[in-house]
Structures are given as C-alpha cells and as structure tokens.
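Student: To start, I am sharing the structure in question, which I have written as structure tokens.
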Amino acid sequence: MRALTLDFRRNELPHGWINAVLLIAGVAAAGYAGWSAWQLSADGRALDAKLANLSKKPGREAPQREGADAQRFERETRILANVALELNTPWNPLFHALEEAPQKVALLSIEPDAHKRELILTGEAKDFTEMLDYVRYLQGQTMLSGISLQTHQINQQDRDKPVRFRITAGWTVRS
C-alpha cells in the first residue's frame, strides 16, 4: 500500500481572482437587496398613511337620480333582474325531468314562467289512464312541486279520441 501525503500548508491560493470577483458580486447583491427592502418599506408606510387618510373621510354616497333619469335607471334595473332570473333558471334539469317521462304522452307545449317558477305543460295522451300516469310521474320528480291537472278534454274530431290536457307545475331550485 502506498503512503498518503497530506499538504496542510499550501503556499499559493488557487484562483485568487475568481474569489475576489465572487466577493464583490455578493456584496453588490446584498447591497441591492437591502436598498430594495428599504424602498418597499417606505412605499408600505406611504400606502398605510394614504389608507388611514381615506378611512377618516366619510364614505361617498351614490349620486341621487332625479326625474326621467331615475325612471330609466329603475326600468333598466328591472330588465337586468329579469335577465338574471332567466339565466339562473335550472333549464337543463327541468327539461331532463320532462324528457325522462314515459313516451305514452306527447307534450305539445311547455310554457315556463321564471317569475312564478312555474311550468304550464300542454299535451295529449291516448286515454285518461295514460294522462293520470303522466301526472303521477311528474309528482314523483323531486325538482317539480305543486303538480295540478288544470284541464282535460277528449278530442272528438280525432278518430283515436286522445285526451288533451293542461298541467301546471312549480319547480324548486336545488342548492
């Protein structure tokens, strides 16, 4: 085995100029970081003073509208509320509940009223039994409520004599 020689005392420093450059760069980076922190602290104090100044002032009220301008504003507000109501109506679940019904009934029209949360369904069935089965089906739907058969009439002109009916139903919004 060969002897291991250790040099604990070296006379020349390796790469002396690189060490100096790295030391200068480190000092410059530390100086820049300190200056940036001081700037951010000064900006924060200025924003805090501005916030304190604004919180002392009384809040501004909305400008009062008069005459035709107030009426136009109220009309536009009502229109926007109606649009929001229509957009927030759960159409897909409602239509899905109606589409899943037994195919023995033909729906002729669906008249929704978003303000009352009500549907008016007009349809035809082969006979009274199928019409009543459809009403029972609608009563079993969790999204629909207050199902009531408003009118029914046998169509005497048609040779099959189908029953035409009108049903009202409310809907509930699931949260």
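In the structure tokens, chains take letters A, B, ... by order of appearance, with residues numbered from 1 within each chain and ligands from 1 in the order shown.
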Could you give me, as JSON, numbers by chain, each residue of chain A that DSSP assigns to strand (DSSP E) when run on this structure's backbone?
Tutor: {"A": [105, 106, 107, 108, 109, 110, 111, 112, 113, 118, 119, 120, 121, 122, 123, 124, 125, 144, 145, 146, 147, 148, 149, 150, 151, 152, 153, 154, 163, 164, 165, 166, 167, 168, 169, 170, 171]}
Student: Expressed in Å to a single decimal, how great is the separation between CA of Arg159 in chain A and CA of Phe128 in chain A?
Tutor: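 According to the coordinates, CA of Arg159 in chain A and CA of Phe128 in chain A are separated by 15.8 Å.
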Student: Select from range 95-170 of chain A everything DSSP, run on the backbone, classes as helix (DSSP H, G or I), then give the selection as a ChimeraX atom specification.
Tutor: /A:95-99,128-139
Student: Interatomic distance between CA of Ala169 in chain A and CA of Leu87 in chain A?
Tutor: 19.5 Å
Student: Select, from A:Asp133, A:Asp69, A:Asp7, A:Asp160, the residue with the minimum atom-to-atom distance to Pro102 in chain A, counting only C-alpha atoms.
Tutor: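 Smallest separation from Pro102 in chain A among the options: A:Asp133.
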Student: Which value, in Å to one decimal, gives the distance between CA of Pro162 in chain A and CA of Lys126 in chain A?
Tutor: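 Atom-to-atom, CA of Pro162 in chain A to CA of Lys126 in chain A, that is 4.7 Å.
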Student: When distances are computed from only C-alpha atoms, which of A:Thr77, A:Asn155, A:Thr122, A:Ser55 shows the smallest separation from Thr168 in chain A?
Tutor: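 Result for the nearest residue to Thr168 in chain A: A:Thr122.
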Student: Do you know which residues are at most 8 Å from Asp127 in chain A counting only C-alpha atoms, after dropping those on the same chain fewer than 2 positions away, and could you put them as a ChimeraX atom specification?
Tutor: /A:125,129-131,161-163
Student: Excluding Val135 in chain A and residues on its chain fewer than 2 positions from it, collect all residues at most 9 Å away from it, counting only C-alpha atoms, and give them as number ranges by chain.
Tutor: A: 130-133, 137-140, 147-149, 167
Student: Go ahead and write the selection's residues with N, CA and C atoms as a PDB file, in the first residue's frame.
Tutor:
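Once written, part-v2.pdb looks like this:
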```pdb
ATOM      1  N   GLU A 130    -103.365   6.928 -19.185  1.00  0.00           N
ATOM      2  CA  GLU A 130    -102.017   7.389 -19.511  1.00  0.00           C
ATOM      3  C   GLU A 130    -101.801   8.823 -19.047  1.00  0.00           C
ATOM      4  N   MET A 131    -102.829   9.646 -19.142  1.00  0.00           N
ATOM      5  CA  MET A 131    -102.717  11.019 -18.660  1.00  0.00           C
ATOM      6  C   MET A 131    -102.468  11.024 -17.155  1.00  0.00           C
ATOM      7  N   LEU A 132    -103.198  10.232 -16.406  1.00  0.00           N
ATOM      8  CA  LEU A 132    -103.011  10.181 -14.958  1.00  0.00           C
ATOM      9  C   LEU A 132    -101.668   9.562 -14.573  1.00  0.00           C
ATOM     10  N   ASP A 133    -101.198   8.595 -15.366  1.00  0.00           N
ATOM     11  CA  ASP A 133     -99.860   8.036 -15.133  1.00  0.00           C
ATOM     12  C   ASP A 133     -98.796   9.123 -15.299  1.00  0.00           C
ATOM     13  N   TYR A 137     -96.194  10.493 -12.603  1.00  0.00           N
ATOM     14  CA  TYR A 137     -94.759  10.544 -12.879  1.00  0.00           C
ATOM     15  C   TYR A 137     -94.202  11.919 -12.496  1.00  0.00           C
ATOM     16  N   LEU A 138     -94.890  12.979 -12.915  1.00  0.00           N
ATOM     17  CA  LEU A 138     -94.428  14.335 -12.594  1.00  0.00           C
ATOM     18  C   LEU A 138     -94.423  14.562 -11.087  1.00  0.00           C
ATOM     19  N   GLN A 139     -95.392  14.028 -10.382  1.00  0.00           N
ATOM     20  CA  GLN A 139     -95.435  14.186  -8.933  1.00  0.00           C
ATOM     21  C   GLN A 139     -94.268  13.473  -8.256  1.00  0.00           C
ATOM     22  N   GLY A 140     -93.707  12.480  -8.903  1.00  0.00           N
ATOM     23  CA  GLY A 140     -92.569  11.755  -8.352  1.00  0.00           C
ATOM     24  C   GLY A 140     -91.236  12.442  -8.586  1.00  0.00           C
ATOM     25  N   ILE A 147     -97.874  19.883  -8.559  1.00  0.00           N
ATOM     26  CA  ILE A 147     -98.400  19.407  -9.841  1.00  0.00           C
ATOM     27  C   ILE A 147     -99.930  19.410  -9.760  1.00  0.00           C
ATOM     28  N   SER A 148    -100.559  20.056 -10.728  1.00  0.00           N
ATOM     29  CA  SER A 148    -102.029  20.015 -10.751  1.00  0.00           C
ATOM     30  C   SER A 148    -102.512  19.949 -12.197  1.00  0.00           C
ATOM     31  N   LEU A 149    -103.497  19.120 -12.398  1.00  0.00           N
ATOM     32  CA  LEU A 149    -104.129  18.955 -13.701  1.00  0.00           C
ATOM     33  C   LEU A 149    -105.187  20.048 -13.822  1.00  0.00           C
ATOM     34  N   ILE A 167    -101.353  20.933 -17.594  1.00  0.00           N
ATOM     35  CA  ILE A 167    -100.835  20.706 -16.235  1.00  0.00           C
ATOM     36  C   ILE A 167     -99.995  21.910 -15.836  1.00  0.00           C
TER      37      ILE A 167
END
```
Student: So which one's closest to Ala97 in chain A, A:Ala3, A:Leu144, A:Ala25, A:Leu51? Using only C-alpha atoms, please.
Tutor: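 Selected residue with least distance to Ala97 in chain A: A:Leu144.
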